[in-house]
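J.: Sharing protein07.cif, mmCIF, C-alpha atoms:
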data_work
loop_
_atom_site.label_atom_id
_atom_site.label_comp_id
_atom_site.auth_asym_id
_atom_site.auth_seq_id
_atom_site.Cartn_x
_atom_site.Cartn_y
_atom_site.Cartn_z
CA MET A 341 0.00 0.00 0.00
CA ASP A 342 1.41 3.39 -1.03
CA LEU A 343 0.80 6.36 1.25
CA LEU A 344 0.12 9.88 0.00
CA GLU A 345 2.75 12.56 0.53
CA TYR A 346 0.94 14.36 3.34
CA GLN A 347 0.61 11.06 5.22
CA VAL A 348 4.29 10.29 4.65
CA LYS A 349 5.33 13.68 6.01
CA GLU A 350 3.21 13.20 9.11
CA TRP A 351 5.25 10.05 9.77
CA PHE A 352 8.51 11.84 8.95
CA GLY A 353 7.73 14.65 11.38
CA LYS A 354 6.90 12.22 14.21
CA ILE A 355 10.15 10.30 13.81
CA GLY A 356 12.32 13.44 13.53
CA ILE A 357 13.02 13.71 9.79
CA PRO A 358 12.99 17.45 8.94
CA VAL A 359 9.95 18.54 6.90
CA LEU A 360 8.60 21.94 5.90
CA PRO A 361 5.63 23.66 7.58
CA SER A 362 2.58 22.36 5.73
CA GLN A 363 -1.20 22.18 5.92
CA ARG A 364 -3.74 19.71 4.53
CA ILE A 365 -6.29 21.36 2.22
CA ASP A 366 -9.60 19.54 1.73
CA HIS A 367 -11.30 22.40 -0.15
CA PRO A 368 -9.94 25.55 -1.85
CA THR A 369 -11.67 27.76 0.75
CA ASP A 370 -9.44 26.19 3.45
CA LEU A 371 -6.69 28.43 2.08
CA LYS A 372 -8.44 31.44 3.64
CA ARG A 373 -7.40 30.00 7.00
CA LEU A 374 -3.86 29.13 6.00
CA LYS A 375 -1.46 28.95 8.94
CA ILE A 376 1.80 29.02 6.95
CA ARG A 377 3.42 32.04 5.30
CA PHE A 378 3.50 32.82 1.61
CA PRO A 379 5.00 32.02 -0.85
CA ILE A 380 3.72 28.45 -0.82
CA VAL A 381 3.60 25.44 -3.10
CA LEU A 382 0.39 23.45 -3.63
CA LYS A 383 0.74 19.73 -4.40
CA SER A 384 -1.89 17.34 -5.69
CA GLN A 385 -2.14 14.28 -3.40
CA VAL A 386 -2.46 11.39 -5.83
CA HIS A 387 -0.63 8.08 -6.19
CA GLY A 388 0.39 8.65 -9.82
CA ALA A 389 3.89 9.78 -10.73
CA GLU A 390 5.01 12.90 -12.63
CA ARG A 391 2.33 15.14 -11.09
CA ALA A 392 4.50 18.25 -11.64
CA LYS A 393 4.58 17.65 -15.41
CA ALA A 394 0.82 17.11 -15.37
CA GLY A 395 0.18 20.43 -13.62
CA GLY A 396 -0.41 19.02 -10.15
CA VAL A 397 2.24 21.22 -8.48
CA ARG A 398 1.77 25.01 -8.43
CA PHE A 399 3.30 27.99 -6.65
CA ALA A 400 1.28 30.84 -5.14
CA GLN A 401 2.23 34.24 -3.71
CA THR A 402 -1.17 35.33 -2.37
CA THR A 403 -4.39 33.84 -1.02
CA ILE A 404 -6.30 34.66 -4.22
CA ASP A 405 -3.65 32.95 -6.36
CA ALA A 406 -3.61 29.95 -4.02
CA ILE A 407 -7.41 29.46 -4.15
CA ALA A 408 -7.41 29.64 -7.96
CA ALA A 409 -4.51 27.17 -8.17
CA ALA A 410 -6.19 24.79 -5.71
CA GLN A 411 -9.43 24.84 -7.72
CA ASN A 412 -7.48 23.79 -10.82
CA ILE A 413 -5.60 21.05 -8.96
CA PHE A 414 -8.75 19.56 -7.41
CA SER A 415 -10.33 19.25 -10.87
CA LEU A 416 -7.20 17.84 -12.53
CA PRO A 417 -7.08 14.01 -12.87
CA ILE A 418 -3.57 12.54 -12.90
CA TRP A 419 -3.40 9.04 -14.36
CA GLY A 420 -7.17 8.89 -13.91
CA GLU A 421 -7.13 9.83 -10.20
CA LEU A 422 -8.65 13.04 -8.84
CA PRO A 423 -7.11 14.31 -5.59
CA GLU A 424 -9.23 14.37 -2.46
CA VAL A 425 -6.54 16.37 -0.65
CA VAL A 426 -4.08 19.09 -1.67
CA LEU A 427 -0.96 19.77 0.40
CA ALA A 428 0.02 23.41 1.00
CA GLU A 429 3.68 23.75 1.94
CA SER A 430 6.23 26.51 2.46
CA LYS A 431 8.56 27.22 -0.44
CA TYR A 432 12.17 26.12 0.05
CA ASP A 433 15.31 27.22 -1.78
CA ALA A 434 17.79 24.38 -2.21
CA ASN A 435 21.43 24.46 -3.24
CA GLN A 436 21.64 20.68 -3.70
CA GLU A 437 19.19 17.81 -3.94
CA PHE A 438 19.89 14.19 -3.02
CA TYR A 439 18.04 10.88 -3.36
CA LEU A 440 17.75 8.57 -0.33
CA ALA A 441 15.88 5.31 0.19
CA VAL A 442 15.61 2.24 2.39
CA VAL A 443 14.24 -0.69 0.43
CA LEU A 444 13.64 -4.39 1.02
CA ASP A 445 15.79 -6.35 -1.44
CA THR A 446 13.97 -9.64 -1.91
CA ALA A 447 16.97 -11.14 -3.74
CA VAL A 448 19.15 -11.01 -0.61
CA CYS A 449 16.26 -10.84 1.89
CA ARG A 450 17.83 -7.85 3.59
CA PRO A 451 17.15 -4.09 3.82
CA VAL A 452 19.34 -1.97 1.54
CA LEU A 453 20.24 1.71 1.99
CA LEU A 454 20.37 3.72 -1.24
CA GLY A 455 21.82 7.17 -1.84
CA CYS A 456 22.61 9.40 -4.80
CA LYS A 457 23.83 13.01 -5.08
CA GLU A 458 21.31 13.58 -7.88
CA ALA A 459 17.58 13.74 -7.26
CA ASP A 460 16.44 13.43 -10.88
CA ILE A 461 17.53 9.87 -11.44
CA ASP A 462 17.68 8.18 -14.81
CA TRP A 463 16.97 4.66 -13.57
CA GLU A 464 18.43 3.07 -16.69
CA SER A 465 21.89 4.35 -15.75
CA ALA A 466 21.34 4.74 -12.01
CA GLY A 467 23.75 1.91 -11.19
CA GLU A 468 26.70 4.10 -12.13
CA ARG A 469 25.83 6.86 -9.63
CA MET A 470 23.65 5.15 -7.01
CA GLN A 471 25.46 4.08 -3.86
CA HIS A 472 24.14 1.23 -1.73
CA VAL A 473 24.83 -0.47 1.58
CA VAL A 474 23.30 -3.83 2.53
CA VAL A 475 22.25 -4.04 6.19
CA GLU A 476 23.73 -7.49 6.77
CA GLN A 477 23.41 -7.64 10.57
CA GLU A 478 21.62 -5.75 13.32
CA PHE A 479 21.37 -2.10 12.30
CA SER A 480 23.74 0.49 13.77
CA PRO A 481 24.59 4.12 12.82
CA PHE A 482 27.67 2.69 11.10
CA TYR A 483 25.56 1.62 8.09
CA ALA A 484 24.10 5.12 7.64
CA ARG A 485 27.52 6.80 7.92
CA ARG A 486 28.96 4.31 5.47
CA LEU A 487 26.31 5.24 2.89
CA ALA A 488 26.98 8.98 3.39
CA LEU A 489 30.72 8.43 2.94
CA LYS A 490 30.16 6.37 -0.22
CA MET A 491 28.11 9.31 -1.54
CA GLY A 492 31.18 11.51 -1.05
CA LEU A 493 29.78 13.59 1.83
CA GLN A 494 31.93 15.06 4.58
CA GLY A 495 31.70 17.01 7.83
CA THR A 496 28.37 18.44 8.95
CA LEU A 497 26.58 17.38 5.79
CA MET A 498 27.69 13.77 6.23
CA GLN A 499 26.35 13.80 9.79
CA SER A 500 23.03 15.39 8.78
CA VAL A 501 22.39 12.96 5.92
CA SER A 502 23.40 9.88 7.94
CA SER A 503 21.05 11.02 10.73
CA VAL A 504 18.18 11.17 8.24
CA VAL A 505 19.05 7.71 6.91
CA GLU A 506 19.04 6.31 10.48
CA LYS A 507 15.54 7.66 11.09
CA MET A 508 14.34 6.34 7.73
CA TYR A 509 15.56 2.89 8.69
CA HIS A 510 13.85 3.02 12.09
CA LEU A 511 10.58 3.97 10.37
CA PHE A 512 11.14 1.16 7.85
CA VAL A 513 11.34 -1.43 10.64
CA GLN A 514 8.74 0.14 12.93
CA LYS A 515 5.97 0.09 10.30
CA ASP A 516 6.95 -3.10 8.41
CA LEU A 517 7.65 -1.23 5.16
CA ASP A 518 8.92 -2.31 1.76
CA LEU A 519 10.18 1.17 0.87
CA VAL A 520 10.97 4.52 2.47
CA GLU A 521 12.09 7.12 -0.05
CA ILE A 522 13.04 10.80 0.11
CA ASN A 523 13.25 12.40 -3.32
CA PRO A 524 14.51 15.01 -3.06
CA LEU A 525 16.35 15.60 0.18
CA ALA A 526 17.16 19.28 -0.23
CA VAL A 527 20.31 20.91 1.15
CA SER A 528 20.34 24.66 1.87
CA ALA A 529 23.30 27.05 1.62
CA THR A 530 23.99 26.44 5.33
CA SER A 531 24.02 22.63 4.84
CA GLN A 532 20.63 22.15 6.51
CA VAL A 533 18.67 19.23 5.06
CA MET A 534 14.95 19.07 4.35
CA ALA A 535 12.75 16.24 3.01
CA LEU A 536 10.81 17.96 0.21
CA ASN A 537 8.99 14.84 -0.98
CA GLY A 538 8.67 11.31 0.32
CA LYS A 539 7.26 7.95 -0.56
CA VAL A 540 6.32 5.04 1.69
CA ARG A 541 5.22 1.58 0.61
CA VAL A 542 3.75 -0.66 3.29
CA ASN A 543 4.23 -4.42 3.12
CA GLU A 544 0.75 -5.71 2.33
CA ARG A 545 1.10 -8.67 4.71
CA ALA A 546 1.87 -6.30 7.59
CA ILE A 547 -1.19 -4.07 7.30
CA LYS A 548 -3.33 -6.12 9.69
CA ARG A 549 -0.61 -5.84 12.37
CA HIS A 550 -1.02 -2.06 12.52
CA PRO A 551 -4.52 -0.70 13.33
CA ASP A 552 -3.70 2.72 11.83
CA LEU A 553 -2.68 1.12 8.52
CA ALA A 554 -5.73 -1.15 8.49
CA GLU A 555 -7.90 1.94 8.96
CA MET A 556 -6.17 3.64 6.00
CA ALA A 557 -6.73 0.54 3.85
CA ALA A 558 -10.41 0.41 4.81
CA LYS A 559 -10.88 4.05 3.79
CA ILE A 560 -9.18 3.42 0.45
CA ILE A 561 -11.47 0.45 -0.24
CA SER A 562 -14.58 2.46 0.65
CA ARG A 563 -13.65 5.49 -1.48
CA HIS A 564 -12.06 4.07 -4.60
CA SER A 565 -13.01 1.77 -7.44
CA SER A 566 -11.63 -1.75 -7.61
CA THR A 567 -9.09 -0.80 -10.30
CA GLU A 568 -7.77 2.05 -8.14
CA ILE A 569 -7.64 -0.23 -5.10
CA ASN A 570 -5.42 -2.70 -6.95
CA SER A 571 -2.99 0.08 -7.92
CA ILE A 572 -2.87 1.54 -4.39
CA LEU A 573 -2.97 -1.59 -2.28
CA GLY A 574 -1.29 -4.03 -4.62
CA SER A 575 -2.68 -7.45 -5.51
CA TRP A 576 -2.79 -8.54 -1.80
CA ASN A 577 -5.15 -11.52 -1.53
CA GLY A 578 -7.67 -10.59 -4.17
CA VAL A 579 -7.97 -9.62 -7.81
CA LYS A 580 -10.94 -7.78 -9.25
CA MET A 581 -11.70 -8.60 -12.87
CA HIS A 582 -14.81 -7.79 -14.83
CA GLY A 583 -16.02 -11.33 -15.47
CA LYS A 584 -18.91 -13.41 -14.21
CA ILE A 585 -17.25 -16.25 -12.28
CA GLY A 586 -16.25 -15.56 -8.70
CA ILE A 587 -13.27 -17.67 -7.58
CA LEU A 588 -12.33 -18.67 -4.03
CA GLY A 589 -9.14 -20.62 -3.25
CA ASN A 590 -6.87 -21.56 -0.38
CA GLY A 591 -3.57 -20.37 -1.85
CA THR A 592 -2.19 -17.89 -4.36
CA GLY A 593 -1.14 -20.67 -6.73
CA SER A 594 -4.54 -22.38 -6.69
CA VAL A 595 -6.38 -19.10 -7.25
CA MET A 596 -4.19 -18.05 -10.18
CA ALA A 597 -4.30 -21.54 -11.74
CA THR A 598 -8.10 -21.57 -11.48
CA LEU A 599 -8.29 -18.11 -13.02
CA ASP A 600 -6.14 -19.23 -15.98
CA LEU A 601 -8.18 -22.40 -16.52
CA VAL A 602 -11.45 -20.45 -16.48
CA ALA A 603 -10.09 -18.03 -19.08
CA ASN A 604 -8.75 -20.89 -21.25
CA ALA A 605 -12.15 -22.62 -21.08
CA GLY A 606 -13.84 -19.53 -22.52
CA GLY A 607 -15.10 -18.15 -19.21
CA ASN A 608 -14.69 -14.71 -17.71
CA PRO A 609 -13.14 -14.64 -14.20
CA GLY A 610 -14.60 -12.09 -11.82
CA VAL A 611 -13.58 -11.41 -8.22
CA CYS A 612 -10.81 -13.85 -7.17
CA LEU A 613 -10.06 -14.20 -3.45
CA ASN A 614 -7.35 -16.14 -1.61
CA LEU A 615 -8.68 -17.22 1.78
CA ARG A 616 -5.37 -18.45 3.14
CA HIS A 617 -4.47 -15.02 4.51
CA ALA A 618 -6.44 -12.37 6.39
CA PHE A 619 -7.87 -9.47 4.40
CA LEU A 620 -6.24 -6.04 4.51
CA THR A 621 -9.07 -4.51 6.50
CA ASP A 622 -9.09 -7.17 9.22
CA THR A 623 -7.99 -5.48 12.44
CA THR A 624 -8.72 -8.55 14.59
CA PRO A 625 -7.71 -12.17 14.02
CA THR A 626 -9.91 -14.13 11.60
CA THR A 627 -10.22 -17.83 10.85
CA PHE A 628 -10.45 -19.57 7.48
CA ARG A 629 -14.14 -20.17 8.21
CA ASP A 630 -14.71 -16.45 8.86
CA ARG A 631 -13.04 -15.48 5.60
CA LEU A 632 -15.07 -18.04 3.63
CA GLU A 633 -18.34 -16.78 5.12
CA THR A 634 -17.41 -13.15 4.40
CA SER A 635 -16.30 -13.93 0.85
CA LEU A 636 -19.51 -15.80 0.02
CA LYS A 637 -21.55 -12.82 1.23
CA ILE A 638 -19.43 -10.44 -0.90
CA LEU A 639 -19.82 -12.53 -4.05
CA GLU A 640 -23.52 -13.19 -3.42
CA ALA A 641 -24.14 -9.44 -3.16
CA ASP A 642 -22.34 -8.80 -6.47
CA LYS A 643 -25.17 -9.08 -9.01
CA SER A 644 -22.65 -9.29 -11.89
CA ILE A 645 -21.49 -12.73 -10.67
CA PRO A 646 -23.96 -15.55 -11.47
CA VAL A 647 -21.76 -18.42 -10.27
CA ILE A 648 -19.10 -19.03 -7.61
CA LEU A 649 -16.25 -21.51 -8.15
CA ILE A 650 -14.49 -22.80 -5.01
CA ASN A 651 -11.17 -24.60 -5.43
CA PHE A 652 -9.75 -26.03 -2.21
CA LEU A 653 -6.65 -28.17 -2.63
CA GLY A 654 -4.63 -30.11 -0.06
CA SER A 655 -5.87 -29.20 3.40
CA ILE A 656 -7.66 -26.41 5.19
CA PRO A 657 -8.27 -25.68 8.88
CA GLN A 658 -11.69 -26.28 10.43
CA ILE A 659 -12.92 -28.57 7.62
CA GLU A 660 -16.19 -29.42 9.36
CA GLN A 661 -17.05 -25.78 10.04
CA VAL A 662 -16.10 -24.77 6.50
CA THR A 663 -18.36 -27.49 5.12
CA GLU A 664 -21.23 -26.24 7.29
CA VAL A 665 -20.75 -22.70 5.95
CA ILE A 666 -21.06 -23.99 2.37
CA GLY A 667 -24.09 -26.09 3.32
CA ARG A 668 -25.88 -23.17 4.97
CA PHE A 669 -25.15 -20.95 1.98
CA VAL A 670 -26.65 -23.26 -0.64
CA GLN A 671 -29.62 -24.24 1.55
CA GLN A 672 -30.37 -20.58 2.19
CA GLU A 673 -30.23 -19.94 -1.55
CA ASN A 674 -32.52 -22.92 -2.13
CA SER A 675 -35.12 -21.74 0.40
CA GLU A 676 -35.12 -18.27 -1.17
CA LEU A 677 -35.63 -19.80 -4.61
CA GLN A 678 -38.58 -21.90 -3.40
CA SER A 679 -40.11 -18.79 -1.88
CA GLN A 680 -39.78 -16.99 -5.20
CA VAL A 681 -41.39 -19.90 -7.06
CA VAL A 682 -44.37 -19.91 -4.66
CA HIS A 683 -44.91 -16.19 -5.07
CA SER A 684 -44.64 -16.45 -8.85
CA ASN A 685 -48.01 -18.33 -8.96
CA GLY A 686 -46.70 -21.10 -11.14
CA SER A 687 -44.92 -18.87 -13.63
CA LYS A 688 -42.73 -20.80 -16.09
CA ASN A 689 -39.87 -18.36 -15.59
CA SER A 690 -38.48 -20.51 -12.79
CA ARG A 691 -35.65 -21.50 -15.16
CA GLU A 692 -34.24 -18.03 -14.71
CA ARG A 693 -31.76 -18.26 -11.83
CA ASN A 694 -32.38 -15.88 -8.95
CA PHE A 695 -29.72 -17.52 -6.80
CA THR A 696 -25.94 -17.92 -6.95
CA PRO A 697 -24.94 -21.54 -7.61
CA LEU A 698 -21.74 -23.01 -6.17
CA VAL A 699 -19.30 -25.26 -7.97
CA VAL A 700 -17.03 -26.76 -5.32
CA ARG A 701 -13.82 -28.60 -6.15
CA LEU A 702 -12.37 -30.42 -3.12
CA ALA A 703 -9.16 -32.35 -3.86
CA GLY A 704 -7.43 -34.29 -1.12
CA SER A 705 -8.06 -37.22 1.20
CA GLU A 706 -9.07 -34.89 4.04
CA PHE A 707 -12.11 -33.78 2.04
CA LYS A 708 -13.77 -37.22 1.74
CA ALA A 709 -16.16 -36.61 4.62
CA ALA A 710 -16.88 -33.08 3.39
CA ARG A 711 -17.80 -34.34 -0.09
CA LYS A 712 -20.13 -36.99 1.39
CA TYR A 713 -21.85 -34.42 3.61
CA LEU A 714 -22.39 -31.93 0.77
CA ALA A 715 -23.72 -34.72 -1.48
CA THR A 716 -26.54 -35.38 1.02
CA LEU A 717 -27.83 -31.82 0.93
CA LYS A 718 -31.18 -31.28 -0.76
CA THR A 719 -30.79 -28.29 -3.06
CA HIS A 720 -31.98 -26.96 -6.38
CA THR A 721 -30.49 -28.79 -9.39
CA ASP A 722 -27.87 -26.09 -10.10
CA ALA A 723 -27.41 -24.81 -6.54
CA LEU A 724 -24.44 -27.03 -5.67
CA LEU A 725 -22.06 -29.16 -7.66
CA VAL A 726 -19.22 -30.93 -5.82
CA VAL A 727 -16.41 -32.47 -7.89
CA GLU A 728 -12.83 -33.61 -7.39
CA ASN A 729 -11.50 -32.83 -10.89
CA LEU A 730 -10.61 -29.17 -11.48
CA ASP A 731 -11.18 -29.23 -15.24
CA GLU A 732 -14.67 -30.63 -14.64
CA ALA A 733 -15.37 -27.92 -12.06
CA VAL A 734 -14.17 -25.17 -14.39
CA ALA A 735 -16.27 -26.49 -17.29
CA ALA A 736 -19.37 -26.59 -15.07
CA ALA A 737 -18.80 -23.05 -13.80
CA VAL A 738 -18.31 -21.70 -17.32
CA LEU A 739 -21.53 -23.40 -18.44
CA LEU A 740 -23.53 -22.04 -15.49
CA ALA A 741 -22.20 -18.53 -16.11
CA LYS A 742 -23.63 -18.47 -19.63
CA PRO A 743 -26.99 -16.69 -19.89
CA THR A 744 -30.04 -18.95 -20.22
CA VAL A 745 -31.61 -18.73 -23.70
CA ASN A 746 -35.36 -19.31 -23.66
CA LYS A 747 -36.54 -20.86 -26.90
CA LYS A 748 -39.83 -19.54 -28.23
#
Show how you would write the structure in this file as structure tokens.

T.:
Amino acid sequence: MDLLEYQVKEWFGKIGIPVLPSQRIDHPTDLKRLKIRFPIVLKSQVHGAERAKAGGVRFAQTTIDAIAAAQNIFSLPIWGELPEVVLAESKYDANQEFYLAVVLDTAVCRPVLLGCKEADIDWESAGERMQHVVVEQEFSPFYARRLALKMGLQGTLMQSVSSVVEKMYHLFVQKDLDLVEINPLAVSATSQVMALNGKVRVNERAIKRHPDLAEMAAKIISRHSSTEINSILGSWNGVKMHGKIGILGNGTGSVMATLDLVANAGGNPGVCLNLRHAFLTDTTPTTFRDRLETSLKILEADKSIPVILINFLGSIPQIEQVTEVIGRFVQQENSELQSQVVHSNGSKNSRERNFTPLVVRLAGSEFKAARKYLATLKTHTDALLVVENLDEAVAAAVLLAKPTVNKK
């Protein structure tokens, strides 16, 4: 999950990284009550890059200029995203600008400190100018000073930059981050440093361990479309596609394999959820059973999904309870369908499905009892299909997802 700049700078300020006086602007009229001195810079708070080139960064000398600039920024989409917040910040004159970052290197499974004496980095040739230090053991100020020295810094400036790097690393560990970036870190004529812009990327698996991050994720999900959520939060444990077959699995591999098979069979995958891990918005511990129950409710409420395909492979916790959840779901759907048939006064339109059928693939010796139990349930013909072969399950789901054609 990527944070917006104003959120990043709140974190920076709390941990002691120098930032400019700033104020969050939710509406252009907020600038009438501005608490910082002019001249100021107004920055669009969006997740897309290159906002300055797009017109999302503007300078203002007076309140009237600032309100006009803010009105333009609020109505300016950048990479399809309109800002909900604009950041007003004091203007800063810099003599030099550096690039600093702490990043998780998955190749070596260690944090890496990055530094460059140029802020505008051409990433294709960055290796020639970018300095790096791998944090191989428990962190100490030595690593930060080593990076500053490799960047060619000396004296007071070396101390100031290494101090910033130390605090970046502490934030990196404290919040379970994948990336902490300052670009640029400005240096004044008196060698004072200032973080003019920052970026923070939270490890998606760590969100549920931090209530404040889980709250941020919940707000993002409630405010943005599914496409925007994927770009902000990452793929996490779910993928939103625009198809008709909802997919539930108990592992990333099983979910992605099912998705591919559905597409290859001519079907259109819809919402795909991996139930092995907790969801981003879960602030309290959840069980596999809880996540299955929640997911079924989500997919049932989505009127664009006429069929749900469940693919459980290997083993899952609480098998008996999970089986009961599936049984209650299909029996509830069946009772609702019977109620609709009664109220239709014998109408022949009962072939039109007003329920969400389940195709359940259970593969593994541990599922024998579950398959027997589900086979005994009395449901509508299409309400529940339990199979052991994945290809058979996919073919059935694709068939059920096709619209019913009534012959005249």

J.: Which residues, named as in the file, does the PyMOL selection byres ((chain A and resi 426-440) around 7) pick out? Answer as a PyMOL selection string.

T.: chain A and resi 346+360-366+376-385+423+425+441+454-459+521-529

J.: Which residue gives the smallest distance to A:Phe399 among A:Ile413, A:Leu343, A:Leu740, A:Val699, with all atoms listed in the file counted?

T.: A:Ile413

J.: Using only C-alpha atoms, which of A:Ile357, A:Ala389, A:Leu613, A:Ala597 sits nearest A:Ser503?

T.: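 Counting only C-alpha atoms, the residue closest to A:Ser503 is A:Ile357.
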
J.: Looking at A:Thr403, A:Asp630, A:Val700, A:Phe482, which one is nearest to A:Gly589, with distances taken over only C-alpha atoms?

T.: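 Of all the options, A:Val700 lies closest to A:Gly589.
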
J.: Evaluate the PyMOL selection byres ((chain A and resi 473) around 8) on the structure here and hand back the selected residues as a PDB file with C-alpha atoms, in the frame of the given file.

T.:
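Result file follows (out-v4.pdb):
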ATOM      1  CA  VAL A 452      19.340  -1.970   1.540  1.00  0.00           C
ATOM      2  CA  LEU A 453      20.240   1.710   1.990  1.00  0.00           C
ATOM      3  CA  LEU A 454      20.370   3.720  -1.240  1.00  0.00           C
ATOM      4  CA  GLN A 471      25.460   4.080  -3.860  1.00  0.00           C
ATOM      5  CA  HIS A 472      24.140   1.230  -1.730  1.00  0.00           C
ATOM      6  CA  VAL A 474      23.300  -3.830   2.530  1.00  0.00           C
ATOM      7  CA  VAL A 475      22.250  -4.040   6.190  1.00  0.00           C
ATOM      8  CA  TYR A 483      25.560   1.620   8.090  1.00  0.00           C
ATOM      9  CA  ARG A 486      28.960   4.310   5.470  1.00  0.00           C
ATOM     10  CA  LEU A 487      26.310   5.240   2.890  1.00  0.00           C
TER      11      LEU A 487
END

J.: I'd like the interatomic distance between atom CA of A:Pro609 and atom CA of A:Leu702, to a tenth of an Å.

T.: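 According to the coordinates, atom CA of A:Pro609 and atom CA of A:Leu702 are separated by 19.3 Å.
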
J.: I'd like the neighbourhood of A:Ile407 as a list in words, where a residue qualifies if any of its atoms comes within 8 Å (using only C-alpha atoms), though same-chain residues fewer than 5 positions away should be ignored.

T.: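 In the requested format, the answer is Pro368, Thr369 and Leu371 of chain A.
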
J.: Could you write out that same residue set with C-alpha atoms as an mmCIF file, keeping the file's coordinate frame?

T.:
data_model
loop_
_atom_site.group_PDB
_atom_site.id
_atom_site.type_symbol
_atom_site.label_atom_id
_atom_site.label_comp_id
_atom_site.auth_asym_id
_atom_site.auth_seq_id
_atom_site.Cartn_x
_atom_site.Cartn_y
_atom_site.Cartn_z
ATOM 1 C CA PRO A 368 -9.940 25.550 -1.850
ATOM 2 C CA THR A 369 -11.670 27.760 0.750
ATOM 3 C CA LEU A 371 -6.690 28.430 2.080
#

J.: Nearest residue to A:Ala605 out of A:Ala392, A:Leu344, A:Ile418, A:Ala741, using all atoms listed in the file?

T.: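 Of A:Ala392, A:Leu344, A:Ile418, A:Ala741, the one nearest A:Ala605 is A:Ala741, counting all atoms listed in the file.
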
J.: Record the distance separating atom CA of A:Val501 and atom CA of A:Ala488, expressed in Å with one decimal.

T.: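 It comes out at 6.6 Å.
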
J.: Any idea what the distance is between atom CA of A:Lys708 and atom CA of A:Val662?

T.: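 Value for the atom CA of A:Lys708-atom CA of A:Val662 distance: 13.5 Å.
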
J.: Near A:Asn604, counting only C-alpha atoms, which residues have an atom at most 12 Å away, once you skip same-chain residues fewer than 6 positions from it, shown as a list in words?

T.: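 These residues fall inside the cut-off: Ala597, Thr598, Asp731, Val734, Ala735 and Val738 of chain A.
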
J.: Take the selection from the previous step and output its residues with C-alpha atoms, as a PDB file, keeping the file's coordinate frame.

T.:
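As written to disk, part-v6.pdb reads:
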ATOM      1  CA  ALA A 597      -4.300 -21.540 -11.740  1.00  0.00           C
ATOM      2  CA  THR A 598      -8.100 -21.570 -11.480  1.00  0.00           C
ATOM      3  CA  ASP A 731     -11.180 -29.230 -15.240  1.00  0.00           C
ATOM      4  CA  VAL A 734     -14.170 -25.170 -14.390  1.00  0.00           C
ATOM      5  CA  ALA A 735     -16.270 -26.490 -17.290  1.00  0.00           C
ATOM      6  CA  VAL A 738     -18.310 -21.700 -17.320  1.00  0.00           C
TER       7      VAL A 738
END

J.: Evaluating the PyMOL selection byres ((chain A and resi 591) around 8) on the displayed file yields which residues, as a JSON list (two decimals) with C-alpha atoms, in the coordinates of the input?

T.:
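The resulting expr-v4.json:
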[["chain", "number", "residue", "atom", "x", "y", "z"],
["A", 589, "GLY", "CA", -9.14, -20.62, -3.25],
["A", 590, "ASN", "CA", -6.87, -21.56, -0.38],
["A", 592, "THR", "CA", -2.19, -17.89, -4.36],
["A", 593, "GLY", "CA", -1.14, -20.67, -6.73],
["A", 594, "SER", "CA", -4.54, -22.38, -6.69],
["A", 595, "VAL", "CA", -6.38, -19.10, -7.25],
["A", 614, "ASN", "CA", -7.35, -16.14, -1.61],
["A", 615, "LEU", "CA", -8.68, -17.22, 1.78],
["A", 616, "ARG", "CA", -5.37, -18.45, 3.14]]

J.: Looking at only C-alpha atoms, which of A:Leu497, A:Val386, A:Leu517, A:Val443 is the one that sits closest to A:Glu421?

T.: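 When distances to A:Glu421 are compared using only C-alpha atoms, the smallest one comes from A:Val386.
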
J.: At a cut-off of 9 Å, using all atoms listed in the file, what residues contact A:Ser705? Leave out same-chain residues fewer than 3 positions from it and give the result as a PyMOL selection string.

T.: chain A and resi 654-655+708-709

J.: May I ask which of the residues A:Lys584, A:Lys712, A:Arg701, A:His617 is the closest one to A:Val726, counting all atoms listed in the file?

T.: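 Closest to A:Val726 of all the choices is A:Arg701.
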
J.: Taking (13.0, -0.2, 10.6) in the coordinates of the supplied file, I want to know which residues reach to within 12 Å of it, counting all atoms listed in the file; could you give the answer as a ChimeraX atom specification?

T.: /A:355,442-444,450-453,475,478-480,505-520,542

J.: Just the residues within 10 Å of A:Thr496, please, counting all atoms listed in the file, with nothing from its chain fewer than 5 positions along; format it as a list in words.

T.: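 Final neighbour list, sorted by chain and number: Val501, Ser502, Thr530, Ser531 and Gln532 of chain A.
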
J.: With a distance cut-off of 10 Å and all atoms listed in the file, select the neighbouring residues of A:Gly583, excluding the residue or stretch itself and same-chain residues fewer than 2 positions from it, and output the selection as a ChimeraX atom specification.

T.: /A:580-581,585-586,603,607-611,644-646,741

J.: Where's the centre, and what are the edge lengths in Å to one decimal, of a box along x, y and z enclosing all listed atoms of stretch 641-658 of chain A padded 4 Å per side, as JSON?

T.:
{"center_x": -14.9, "center_y": -19.5, "center_z": -0.7, "size_x": 28.5, "size_y": 29.3, "size_z": 30.3}
